[in-house]
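Step one of this worksheet: look at the structure below.
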Amino acid sequence: MSAALLVLMTVAVSMILRFQYRDQVMALDLFEAMLAPAVFALPPVVVVALAAIATAIAQVFLRANPIKALFNVAQWTLAAGLTVIVFHELRPSAGGLTWGSALALVAAMTVGALANTFALTFVIALAQGQRVRQAIKGMVPTLLLGWAVNTSFGLLFVASYRANPFILALFVVPLLVLRWSHRSYAAVLADKARLAGMHRATRALVGPINPRDAIPHFVTEVLHCFDARAAQLVVRDGDTRIVYTSDADGTRVSTEQGESESLAWALAMRARTSRITRSTSAPLLVEMLKAEGLRDCIAAPLFTDGRVLGVLAAYDCSGPEGFEEGELAVLETLAREAAGALAKGSLLDSILEERRKLSEIVEHTSDGIVTFAADGTIQLWNRGMEVITGYSAIESVGAHGLDRLRARDEAGVDVMVDRWANGIALPSQLQIITSEGDTRWLACSATLVNDGDGRPHLLILVVRDVTRAHEVERLKDDFVATVSHELRTPLTPIKGFAMTLVESGDSLSSADRTVAARSILRQAEHLERLVVNLLDAPSWSGAWTTAGTTPSSTFR
């Protein structure tokens, strides 16, 4: 029986589940489950000896490092000794498997598991320069799983052995099933942790208006997601590269020149999601990995418009073996989210830049620009409107219509601009009263903007101060009326005397014909002087030209 238990304990130690924690590898196995029947049935000295021998044989089979092999032998020998001591101290006097002996066995296996866990985490914490509590924090789910499985099957093995000692030969079957289920469950736990980390990382990108502002927080979440030593996001920006790095020292941002070659950018140039270890057939990357003092890394490129924008990488990730594909899938998804966030950030930057340019144009144009919402409130009042009306944007934005300006049309009728959404047509010219009480005439051009449903949404009103042109137009009308009257004055007697000479010239005396001819000459000379005076007045030409430039208005 001792030989059979030795073989089974050796097999149990050899069937391990590796759990990577930074530079250390924690190996979970089924040794405690096979230790239970030995503790129950064999003398304490024999149990401790079997534990030491089985562990030593397994270390040779696994080709473990001599120092680690020695530690593992001492660790399991100590755990086996404590388990035996606790069991024999708590075991009732009855020799069968009773409730009392079962509880004693559970307590003994728990003490052995705690001793084993403390020894392991103490070494890891010592190697990493961390506290034991910090080292064990990320491994608690897997350790609890190991304890629960080993204790449960330990009791099952004891009960089976007590029923029939020859059933030991079949214990190898549940050991295989245990190893497979243990490994699968550990992968499920890792998968759950990675997905939760991915959710936190992607949620970090949707917080700020500009996703670029969330990149440092995103990289920090990637670090926690993979329980890695460091995480990096490298983004190409012209001839430089922006590097976001998160590690134990915090999160920081740096830049790299385009010609420099870093490990992260070398990974980006592979243009595929990959895992690099010191045994990978990529000599250059392996050398760069060693130069950085790293064990391994996983990297996923960031694509935009079919070209590599950057790379997302995590270094020295922790977790169980057999979860490599899951880790790469999660990292690739995070890389796509990062690429999308960067693209949105670039688009937002472009929109803000165009908005800034438009704002500068609106503010610096000499024309006044004012926009009205559907309820008639003013939403925009540019610098041109301030100059024209004398009212500032602070006073005007939010006000209702143009009531303060007392807007009227050319007929002197009040214009209700605030009712534009109800189909009220706007005149081509408005008369307003400025803040200083001056009367000004504005030429208006209105543009109607509808929303997605075709309903009036916004009115854009562009105005130009045409007060001077309006005055010129009035002067032109007065001028035309005056000139018409002055020209008709000499034309009337000329036409009258000419008709008299044509119709009754033969019946007139020579003296009358002379009077008529002299009157025609005198009025013609008067008309000539009027024409010469008109031609010698250049200011009128300027007035006519200015009046001709009065802007027109359209309402669309």
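Chain identifiers are assigned as A, B, and so on, following the order in which chains appear in the structure tokens; residues are numbered from 1 within each chain, and ligands are numbered from 1 in order of appearance.
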So that I can see what lies close to Asp239 in chain A, please list as a PyMOL selection string the residues with an atom at most 8 Å from it, counting only C-alpha atoms and leaving out residues fewer than 2 positions away in the same chain. chain A and resi 236-237+241+257-258
Take the residues just selected and output them with all heavy atoms as a short mmCIF file (atom, residue, chain, number, x, y, z; two decimals), in the first residue's frame.
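selection.cif, freshly written:
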```cif
data_model
loop_
_atom_site.label_atom_id
_atom_site.label_comp_id
_atom_site.auth_asym_id
_atom_site.auth_seq_id
_atom_site.Cartn_x
_atom_site.Cartn_y
_atom_site.Cartn_z
N ARG A 236 1.63 56.72 -32.94
CA ARG A 236 2.43 57.54 -33.86
C ARG A 236 1.74 58.87 -34.10
O ARG A 236 0.54 58.92 -34.39
CB ARG A 236 2.64 56.80 -35.18
CG ARG A 236 3.44 57.62 -36.21
CD ARG A 236 3.95 56.75 -37.33
NE ARG A 236 2.90 55.94 -37.91
CZ ARG A 236 3.14 54.94 -38.77
NH1 ARG A 236 4.37 54.63 -39.09
NH2 ARG A 236 2.12 54.25 -39.27
N ASP A 237 2.51 59.94 -33.99
CA ASP A 237 1.99 61.29 -34.23
C ASP A 237 3.00 62.02 -35.10
O ASP A 237 3.91 62.69 -34.61
CB ASP A 237 1.78 62.03 -32.91
CG ASP A 237 1.13 63.39 -33.11
OD1 ASP A 237 0.66 63.66 -34.23
OD2 ASP A 237 1.11 64.19 -32.16
N ARG A 241 6.53 59.64 -31.65
CA ARG A 241 5.61 58.66 -31.09
C ARG A 241 5.34 59.04 -29.64
O ARG A 241 6.26 59.34 -28.87
CB ARG A 241 6.20 57.25 -31.16
CG ARG A 241 6.40 56.75 -32.58
CD ARG A 241 6.72 55.27 -32.60
NE ARG A 241 8.00 54.96 -32.01
CZ ARG A 241 9.14 54.88 -32.68
NH1 ARG A 241 9.13 55.10 -33.99
NH2 ARG A 241 10.26 54.59 -32.07
N GLN A 257 11.45 59.62 -30.78
CA GLN A 257 11.69 60.11 -32.11
C GLN A 257 11.42 59.01 -33.12
O GLN A 257 11.52 57.82 -32.81
CB GLN A 257 13.14 60.61 -32.25
CG GLN A 257 13.45 61.82 -31.40
CD GLN A 257 12.53 63.01 -31.69
OE1 GLN A 257 12.22 63.29 -32.84
NE2 GLN A 257 12.08 63.69 -30.64
N GLY A 258 11.07 59.42 -34.34
CA GLY A 258 10.70 58.45 -35.36
C GLY A 258 11.78 57.46 -35.71
O GLY A 258 11.51 56.34 -36.12
#
```
When DSSP works through the backbone of this structure, what residues of range 207-378 of chain A end up as strand (DSSP E), shown as an mmCIF file with N, CA, C and O atoms, in the first residue's frame?
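What follows is the written file states02.cif:
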```cif
data_model
loop_
_atom_site.group_PDB
_atom_site.id
_atom_site.type_symbol
_atom_site.label_atom_id
_atom_site.label_comp_id
_atom_site.auth_asym_id
_atom_site.auth_seq_id
_atom_site.Cartn_x
_atom_site.Cartn_y
_atom_site.Cartn_z
ATOM 1 N N ALA A 230 4.014 45.927 -16.367
ATOM 2 C CA ALA A 230 3.888 47.234 -17.023
ATOM 3 C C ALA A 230 2.969 47.096 -18.228
ATOM 4 O O ALA A 230 2.814 46.011 -18.790
ATOM 5 N N ALA A 231 2.356 48.203 -18.612
ATOM 6 C CA ALA A 231 1.518 48.265 -19.813
ATOM 7 C C ALA A 231 1.876 49.535 -20.564
ATOM 8 O O ALA A 231 2.183 50.568 -19.951
ATOM 9 N N GLN A 232 1.844 49.445 -21.889
ATOM 10 C CA GLN A 232 2.216 50.592 -22.727
ATOM 11 C C GLN A 232 1.251 50.732 -23.891
ATOM 12 O O GLN A 232 0.757 49.749 -24.437
ATOM 13 N N LEU A 233 0.985 51.978 -24.233
ATOM 14 C CA LEU A 233 0.267 52.314 -25.456
ATOM 15 C C LEU A 233 1.133 53.305 -26.210
ATOM 16 O O LEU A 233 1.434 54.395 -25.700
ATOM 17 N N VAL A 234 1.557 52.925 -27.394
ATOM 18 C CA VAL A 234 2.421 53.771 -28.226
ATOM 19 C C VAL A 234 1.622 54.204 -29.442
ATOM 20 O O VAL A 234 1.042 53.363 -30.149
ATOM 21 N N VAL A 235 1.575 55.516 -29.685
ATOM 22 C CA VAL A 235 0.788 56.078 -30.783
ATOM 23 C C VAL A 235 1.686 56.949 -31.643
ATOM 24 O O VAL A 235 2.410 57.811 -31.115
ATOM 25 N N ARG A 236 1.633 56.721 -32.944
ATOM 26 C CA ARG A 236 2.433 57.538 -33.862
ATOM 27 C C ARG A 236 1.739 58.869 -34.104
ATOM 28 O O ARG A 236 0.544 58.923 -34.388
ATOM 29 N N ASP A 237 2.507 59.942 -33.990
ATOM 30 C CA ASP A 237 1.995 61.293 -34.235
ATOM 31 C C ASP A 237 3.002 62.024 -35.104
ATOM 32 O O ASP A 237 3.908 62.688 -34.612
ATOM 33 N N THR A 240 7.013 61.721 -34.586
ATOM 34 C CA THR A 240 7.263 61.321 -33.205
ATOM 35 C C THR A 240 6.238 60.267 -32.779
ATOM 36 O O THR A 240 5.238 60.039 -33.453
ATOM 37 N N ARG A 241 6.530 59.638 -31.647
ATOM 38 C CA ARG A 241 5.611 58.659 -31.085
ATOM 39 C C ARG A 241 5.335 59.038 -29.637
ATOM 40 O O ARG A 241 6.257 59.339 -28.873
ATOM 41 N N ILE A 242 4.068 59.022 -29.277
ATOM 42 C CA ILE A 242 3.652 59.315 -27.906
ATOM 43 C C ILE A 242 3.524 57.994 -27.171
ATOM 44 O O ILE A 242 2.838 57.078 -27.638
ATOM 45 N N VAL A 243 4.197 57.882 -26.032
ATOM 46 C CA VAL A 243 4.235 56.629 -25.277
ATOM 47 C C VAL A 243 3.551 56.842 -23.927
ATOM 48 O O VAL A 243 3.975 57.680 -23.130
ATOM 49 N N TYR A 244 2.477 56.090 -23.693
ATOM 50 C CA TYR A 244 1.787 56.082 -22.400
ATOM 51 C C TYR A 244 2.220 54.815 -21.663
ATOM 52 O O TYR A 244 1.989 53.704 -22.147
ATOM 53 N N THR A 245 2.835 54.976 -20.506
ATOM 54 C CA THR A 245 3.357 53.838 -19.747
ATOM 55 C C THR A 245 2.744 53.824 -18.359
ATOM 56 O O THR A 245 2.673 54.861 -17.693
ATOM 57 N N SER A 246 2.315 52.637 -17.931
ATOM 58 C CA SER A 246 1.775 52.457 -16.583
ATOM 59 C C SER A 246 2.480 51.276 -15.927
ATOM 60 O O SER A 246 2.568 50.196 -16.514
ATOM 61 N N ASP A 247 3.009 51.499 -14.737
ATOM 62 C CA ASP A 247 3.676 50.437 -13.982
ATOM 63 C C ASP A 247 3.543 50.746 -12.500
ATOM 64 O O ASP A 247 2.698 51.554 -12.088
ATOM 65 N N GLY A 250 3.463 54.376 -11.398
ATOM 66 C CA GLY A 250 2.374 55.248 -11.839
ATOM 67 C C GLY A 250 2.275 55.282 -13.352
ATOM 68 O O GLY A 250 2.878 54.464 -14.061
ATOM 69 N N THR A 251 1.520 56.241 -13.844
ATOM 70 C CA THR A 251 1.308 56.397 -15.290
ATOM 71 C C THR A 251 1.955 57.691 -15.756
ATOM 72 O O THR A 251 1.780 58.737 -15.134
ATOM 73 N N ARG A 252 2.682 57.609 -16.848
ATOM 74 C CA ARG A 252 3.396 58.784 -17.363
ATOM 75 C C ARG A 252 3.350 58.779 -18.891
ATOM 76 O O ARG A 252 3.077 57.752 -19.515
ATOM 77 N N VAL A 253 3.627 59.941 -19.458
ATOM 78 C CA VAL A 253 3.596 60.124 -20.904
ATOM 79 C C VAL A 253 4.952 60.630 -21.352
ATOM 80 O O VAL A 253 5.511 61.552 -20.748
ATOM 81 N N SER A 254 5.506 60.027 -22.397
ATOM 82 C CA SER A 254 6.797 60.439 -22.948
ATOM 83 C C SER A 254 6.701 60.405 -24.472
ATOM 84 O O SER A 254 5.681 60.024 -25.041
ATOM 85 N N THR A 255 7.767 60.813 -25.127
ATOM 86 C CA THR A 255 7.806 60.821 -26.589
ATOM 87 C C THR A 255 9.050 60.092 -27.073
ATOM 88 O O THR A 255 10.067 60.036 -26.379
ATOM 89 N N GLU A 256 8.944 59.537 -28.273
ATOM 90 C CA GLU A 256 10.069 58.892 -28.936
ATOM 91 C C GLU A 256 10.214 59.498 -30.324
ATOM 92 O O GLU A 256 9.226 59.834 -30.968
ATOM 93 N N GLN A 257 11.448 59.622 -30.778
ATOM 94 C CA GLN A 257 11.693 60.110 -32.113
ATOM 95 C C GLN A 257 11.418 59.009 -33.123
ATOM 96 O O GLN A 257 11.516 57.817 -32.810
ATOM 97 N N SER A 274 0.436 39.229 -30.958
ATOM 98 C CA SER A 274 1.427 38.172 -30.724
ATOM 99 C C SER A 274 1.870 38.157 -29.269
ATOM 100 O O SER A 274 1.676 39.120 -28.530
ATOM 101 N N ARG A 275 2.455 37.022 -28.900
ATOM 102 C CA ARG A 275 3.068 36.836 -27.590
ATOM 103 C C ARG A 275 4.555 36.555 -27.815
ATOM 104 O O ARG A 275 4.913 35.692 -28.618
ATOM 105 N N ILE A 276 5.377 37.263 -27.084
ATOM 106 C CA ILE A 276 6.827 37.100 -27.203
ATOM 107 C C ILE A 276 7.375 36.602 -25.870
ATOM 108 O O ILE A 276 7.134 37.218 -24.828
ATOM 109 N N THR A 277 8.084 35.482 -25.909
ATOM 110 C CA THR A 277 8.794 34.969 -24.735
ATOM 111 C C THR A 277 10.260 34.813 -25.099
ATOM 112 O O THR A 277 10.657 35.014 -26.258
ATOM 113 N N ASP A 296 8.288 38.090 -20.626
ATOM 114 C CA ASP A 296 7.490 37.931 -21.837
ATOM 115 C C ASP A 296 6.614 39.154 -22.008
ATOM 116 O O ASP A 296 6.572 40.044 -21.148
ATOM 117 N N CYS A 297 5.904 39.201 -23.100
ATOM 118 C CA CYS A 297 4.983 40.306 -23.342
ATOM 119 C C CYS A 297 3.948 39.871 -24.361
ATOM 120 O O CYS A 297 4.163 38.929 -25.142
ATOM 121 N N ILE A 298 2.817 40.536 -24.340
ATOM 122 C CA ILE A 298 1.785 40.358 -25.358
ATOM 123 C C ILE A 298 1.509 41.726 -25.959
ATOM 124 O O ILE A 298 1.544 42.745 -25.264
ATOM 125 N N ALA A 299 1.253 41.749 -27.260
ATOM 126 C CA ALA A 299 1.090 43.035 -27.952
ATOM 127 C C ALA A 299 0.047 42.897 -29.045
ATOM 128 O O ALA A 299 -0.068 41.853 -29.696
ATOM 129 N N ALA A 300 -0.726 43.960 -29.247
ATOM 130 C CA ALA A 300 -1.734 44.015 -30.309
ATOM 131 C C ALA A 300 -1.602 45.364 -31.014
ATOM 132 O O ALA A 300 -1.586 46.411 -30.354
ATOM 133 N N PRO A 301 -1.497 45.379 -32.340
ATOM 134 C CA PRO A 301 -1.347 46.650 -33.065
ATOM 135 C C PRO A 301 -2.649 47.425 -33.118
ATOM 136 O O PRO A 301 -3.737 46.851 -33.027
ATOM 137 N N LEU A 302 -2.531 48.737 -33.278
ATOM 138 C CA LEU A 302 -3.672 49.628 -33.460
ATOM 139 C C LEU A 302 -3.726 50.021 -34.930
ATOM 140 O O LEU A 302 -2.750 50.559 -35.467
ATOM 141 N N PHE A 303 -4.839 49.727 -35.581
ATOM 142 C CA PHE A 303 -4.981 50.020 -37.003
ATOM 143 C C PHE A 303 -5.959 51.168 -37.214
ATOM 144 O O PHE A 303 -6.956 51.296 -36.496
ATOM 145 N N THR A 304 -5.660 51.995 -38.207
ATOM 146 C CA THR A 304 -6.581 53.023 -38.662
ATOM 147 C C THR A 304 -6.382 53.210 -40.157
ATOM 148 O O THR A 304 -5.252 53.424 -40.631
ATOM 149 N N ARG A 307 -3.582 51.121 -41.853
ATOM 150 C CA ARG A 307 -2.173 51.299 -41.493
ATOM 151 C C ARG A 307 -2.017 51.235 -39.976
ATOM 152 O O ARG A 307 -2.954 51.458 -39.229
ATOM 153 N N VAL A 308 -0.796 50.916 -39.560
ATOM 154 C CA VAL A 308 -0.513 50.760 -38.136
ATOM 155 C C VAL A 308 -0.381 52.137 -37.490
ATOM 156 O O VAL A 308 0.488 52.928 -37.867
ATOM 157 N N LEU A 309 -1.265 52.395 -36.536
ATOM 158 C CA LEU A 309 -1.230 53.663 -35.815
ATOM 159 C C LEU A 309 -0.368 53.572 -34.561
ATOM 160 O O LEU A 309 0.253 54.550 -34.151
ATOM 161 N N GLY A 310 -0.314 52.389 -33.963
ATOM 162 C CA GLY A 310 0.450 52.222 -32.730
ATOM 163 C C GLY A 310 0.337 50.800 -32.243
ATOM 164 O O GLY A 310 0.024 49.871 -33.009
ATOM 165 N N VAL A 311 0.558 50.595 -30.955
ATOM 166 C CA VAL A 311 0.528 49.250 -30.380
ATOM 167 C C VAL A 311 0.136 49.347 -28.909
ATOM 168 O O VAL A 311 0.428 50.338 -28.235
ATOM 169 N N LEU A 312 -0.573 48.323 -28.436
ATOM 170 C CA LEU A 312 -0.910 48.178 -27.027
ATOM 171 C C LEU A 312 -0.215 46.926 -26.528
ATOM 172 O O LEU A 312 -0.389 45.846 -27.115
ATOM 173 N N ALA A 313 0.586 47.056 -25.468
ATOM 174 C CA ALA A 313 1.389 45.938 -24.986
ATOM 175 C C ALA A 313 1.309 45.830 -23.475
ATOM 176 O O ALA A 313 1.173 46.841 -22.767
ATOM 177 N N ALA A 314 1.377 44.593 -22.989
ATOM 178 C CA ALA A 314 1.434 44.307 -21.553
ATOM 179 C C ALA A 314 2.608 43.375 -21.312
ATOM 180 O O ALA A 314 2.815 42.414 -22.067
ATOM 181 N N TYR A 315 3.388 43.663 -20.267
ATOM 182 C CA TYR A 315 4.624 42.932 -20.019
ATOM 183 C C TYR A 315 4.534 42.141 -18.713
ATOM 184 O O TYR A 315 4.032 42.646 -17.707
ATOM 185 N N GLY A 319 -1.085 35.003 -14.303
ATOM 186 C CA GLY A 319 -2.266 34.211 -14.597
ATOM 187 C C GLY A 319 -1.927 32.752 -14.799
ATOM 188 O O GLY A 319 -0.756 32.376 -14.836
ATOM 189 N N PRO A 320 -2.941 31.905 -14.944
ATOM 190 C CA PRO A 320 -2.698 30.470 -15.112
ATOM 191 C C PRO A 320 -2.233 30.131 -16.514
ATOM 192 O O PRO A 320 -2.502 30.855 -17.469
ATOM 193 N N GLY A 368 -22.885 91.946 -39.305
ATOM 194 C CA GLY A 368 -23.469 91.448 -38.071
ATOM 195 C C GLY A 368 -24.127 90.099 -38.302
ATOM 196 O O GLY A 368 -24.800 89.901 -39.311
ATOM 197 N N ILE A 369 -23.910 89.161 -37.383
ATOM 198 C CA ILE A 369 -24.504 87.828 -37.489
ATOM 199 C C ILE A 369 -25.219 87.541 -36.178
ATOM 200 O O ILE A 369 -24.634 87.620 -35.097
ATOM 201 N N VAL A 370 -26.491 87.199 -36.289
ATOM 202 C CA VAL A 370 -27.294 86.872 -35.111
ATOM 203 C C VAL A 370 -28.146 85.656 -35.457
ATOM 204 O O VAL A 370 -28.654 85.539 -36.565
ATOM 205 N N THR A 371 -28.243 84.724 -34.514
ATOM 206 C CA THR A 371 -29.048 83.526 -34.734
ATOM 207 C C THR A 371 -30.169 83.478 -33.707
ATOM 208 O O THR A 371 -29.996 83.900 -32.559
ATOM 209 N N PHE A 372 -31.307 82.952 -34.153
ATOM 210 C CA PHE A 372 -32.489 82.859 -33.298
ATOM 211 C C PHE A 372 -32.929 81.406 -33.204
ATOM 212 O O PHE A 372 -32.965 80.687 -34.211
ATOM 213 N N ALA A 373 -33.283 80.981 -31.997
ATOM 214 C CA ALA A 373 -33.884 79.659 -31.806
ATOM 215 C C ALA A 373 -35.336 79.700 -32.247
ATOM 216 O O ALA A 373 -35.882 80.758 -32.584
ATOM 217 N N ILE A 378 -32.307 84.804 -28.749
ATOM 218 C CA ILE A 378 -31.042 84.993 -29.460
ATOM 219 C C ILE A 378 -30.004 84.022 -28.914
ATOM 220 O O ILE A 378 -29.795 83.919 -27.705
#
```
For CA of Met416 in chain A and CA of Ala374 in chain A, the interatomic separation in Å (one decimal):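 So the answer is 13.1 Å.
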Would you please give, as a VMD selection string, all residues of range 210-245 of chain A that DSSP assigns to helix (DSSP H, G or I) based on the backbone? chain A and resid 211 to 225
